[in-house]
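Novice: Encoded as structure tokens, here's the structure I'll be asking about.
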Amino acid sequence: MTAAPPPGATTRAERAAMTRTPADQREHERAQVAAHYQNDPDIFRVVLGRQLAYSVGLFASPHDDLEAAQDRKLAYVRRQLDLRPGRVLDVGCGWGSVLCELASATEATVHGLTLSSRQRDRALERAHALGAGDRVRIDVAHVEGLDLPGESVDAIVFSGSIVHMHAREAVHALVARALKPGGRVLISDCYFPRQVRGDRDSRATAHIFETALGYCRLVPLAEELGWMDAVGLDVRRVEDVTEHYVRTVDCWVDNIRRHRAFIEARAPGFARLLQTYMMVGRMSFARRTALEYMITAVKGRPREATAGWPVPGVAP
């Protein structure tokens, strides 16, 4: 009889992660994830658009274009973080979409982390081109290996990155230690509904999480929120943006088809890999067997009862 998987480990990749030491798992995540993102940034530019944002866009209508949707998403992130002059940590900064938005549109200094040297180089180029290079620092490093002083950061962003981290409880503990009281954290990522947990061990899931994107750990939203609450992060807002993610992926797939020759000339076989994993993922999000959320939380509880006004959807 096959032994039951350890609690919380429900995919082949997660079960393998449970057998590694924390240091070995961090190295596994680094190697697996970096392999995807080390491809030519210009490939991702023609697929993802001008902002090079590898995450959900926010569409005003089904006919809105990708560039406008990504601009809207970046403005949303900036508003949710409510930044003053201070320090921001962008974990998984990619090619710098969020990092450049925050550094150029606010007075904050931004410290980016990525697992890809090619992403770092492109992000720094973009920051300098915007005149914000003096307020940007980017390291090729895993967040768990970062030695941050306590209460030293005003805001932390995970845009499409926390899903690549197995030790989520440890990551949230690090976030809570590093944030100043009242500091904000924003997470934009994908989750599995608890009732369809069995889909997590499917061949399609394995293709995305092992062949295409590298290591990923999808969990139910309630687990993420529970870990955040346990370390003193007060969740203020949760947005279900699954329909926006379906539309975002549709735009990406259209761009792959349009630029297939360009992609294949730079990375033979990569266009097929991208299109396959995106279409498989798109099916899951359209069926809502995978979900996309944006979460905003604040370190610590307010001293008196407060509420967000106006309440969304309620007229004054």
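Naming scheme: A, B, ... for chains in displayed order of the structure tokens; residues 1 onward per chain; ligands 1 onward as shown.
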Report the residues of region 53-109 of chain A whose backbone DSSP state falls under alpha helix (DSSP H), written as a PyMOL selection string.

Specialist: chain A and resi 66-81+97-105

Novice: So which bits of region 59-229 of chain A end up strand (DSSP E) when you DSSP the backbone, as an MDAnalysis selection string?

Specialist: chainID A and resid 87:91 109:114 136:140 153:159 179:191

Novice: Determine, counting only C-alpha atoms, which protein, DNA and RNA residues have an atom within 7 Å of an atom of region 134-141 of chain A; residues of the same chain fewer than 2 positions away are not included. Present the result as a VMD selection string.

Specialist: chain A and resid 103 109 to 117 120 132 143

Novice: May I have the selected residues written with C-alpha atoms, as a CSV table (one decimal), in the first residue's frame?

Specialist:
chain,number,residue,atom,x,y,z
A,103,ALA,CA,10.3,54.0,-8.0
A,109,THR,CA,13.3,53.5,-2.6
A,110,VAL,CA,12.8,50.0,-3.9
A,111,HIS,CA,14.8,46.8,-3.2
A,112,GLY,CA,14.0,44.1,-5.8
A,113,LEU,CA,14.8,40.4,-5.5
A,114,THR,CA,14.9,38.0,-8.5
A,115,LEU,CA,16.3,34.6,-9.1
A,116,SER,CA,17.4,35.5,-12.7
A,117,SER,CA,20.4,37.7,-13.5
A,120,ARG,CA,17.9,41.9,-12.9
A,132,ALA,CA,14.8,56.3,-10.9
A,143,VAL,CA,13.9,36.0,0.0

Novice: Which one of A:Leu291, A:Ala297, A:Leu52, A:Leu89 sits closest to His244 (chain A) if you count only C-alpha atoms?

Specialist: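 The closest residue to His244 (chain A) is A:Leu291.
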
Novice: Using Å and a single decimal, report how far CA of Leu186 (chain A) sits from CA of Ala105 (chain A).

Specialist: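 Here the two named atoms are 17.3 Å from each other.
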
Novice: Select, from A:Gln275, A:Thr19, A:Thr106, A:Gln25, the residue with the minimum atom-to-atom distance to His166 (chain A), counting only C-alpha atoms.

Specialist: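 Of all the options, A:Gln25 lies closest to His166 (chain A).
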
Novice: Can you work out which one of A:Glu264, A:Glu27, A:Glu67, A:Asp240 has the shortest atom-to-atom distance to Glu144 (chain A), counting only C-alpha atoms?

Specialist: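 For Glu144 (chain A), the nearest of the candidates is A:Glu27.
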
Novice: One number please: CA of Lys73 (chain A) to CA of Arg236 (chain A), in Å, one decimal.

Specialist: 17.9 Å

Novice: Could you check how far CA of Arg282 (chain A) sits from CA of His259 (chain A), in Å to one decimal?

Specialist: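 Distance between the two atoms: 19.5 Å.
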
Novice: When you count only C-alpha atoms, which of these residues is closest to Tyr245 (chain A): A:Met294, A:Val219, A:Leu99, A:Ala271?

Specialist: A:Met294

Novice: Mind checking which residues fall within 10 Å of Val175 (chain A), counting only C-alpha atoms, ignoring those fewer than 3 positions away in the same chain, and posting them as a PyMOL selection string?

Specialist: chain A and resi 89+143-144+148+150-151+153+155-157+169-172+178-180+183-185+228+231+233+299

Novice: Keeping only C-alpha atoms, take the residues you just selected and write them out as an mmCIF file, in the first residue's frame.

Specialist:
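Writing done, so here's result25.cif:
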data_model
loop_
_atom_site.group_PDB
_atom_site.id
_atom_site.type_symbol
_atom_site.label_atom_id
_atom_site.label_comp_id
_atom_site.auth_asym_id
_atom_site.auth_seq_id
_atom_site.Cartn_x
_atom_site.Cartn_y
_atom_site.Cartn_z
ATOM 1 C CA LEU A 89 10.806 45.227 -0.937
ATOM 2 C CA VAL A 143 13.943 36.039 0.012
ATOM 3 C CA GLU A 144 14.491 33.383 2.696
ATOM 4 C CA LEU A 148 16.569 42.113 6.881
ATOM 5 C CA GLY A 150 13.441 44.077 12.055
ATOM 6 C CA GLU A 151 10.839 46.754 11.287
ATOM 7 C CA VAL A 153 10.550 48.032 5.468
ATOM 8 C CA ALA A 155 5.864 47.780 2.159
ATOM 9 C CA ILE A 156 6.457 44.355 0.605
ATOM 10 C CA VAL A 157 5.113 43.131 -2.749
ATOM 11 C CA GLU A 169 4.911 30.007 6.750
ATOM 12 C CA ALA A 170 8.576 31.020 7.039
ATOM 13 C CA VAL A 171 8.165 33.658 4.331
ATOM 14 C CA HIS A 172 5.212 35.260 6.120
ATOM 15 C CA ALA A 178 10.706 43.091 8.428
ATOM 16 C CA LEU A 179 7.633 45.334 8.134
ATOM 17 C CA LYS A 180 7.323 48.444 10.231
ATOM 18 C CA GLY A 183 3.489 48.560 6.923
ATOM 19 C CA ARG A 184 1.648 46.930 4.050
ATOM 20 C CA VAL A 185 2.043 43.723 2.081
ATOM 21 C CA MET A 228 -0.750 35.786 7.432
ATOM 22 C CA VAL A 231 2.090 36.316 12.241
ATOM 23 C CA LEU A 233 -0.798 40.594 9.391
ATOM 24 C CA LYS A 299 1.103 44.724 10.012
#

Novice: Would you please work out which residue, of A:Ala222, A:Ala173, A:Thr296, A:Asp65, is nearest to Phe158 (chain A) when using only C-alpha atoms?

Specialist: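 Looking only at the distances to Phe158 (chain A), the closest residue turns out to be A:Thr296.
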
Novice: Ranking A:Asp82, A:Arg72, A:Gln119, A:Val56 by minimum distance to Asp250 (chain A) and counting only C-alpha atoms, which one comes first?

Specialist: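 Once distances to Asp250 (chain A) are computed over only C-alpha atoms, the minimum belongs to A:Val56.
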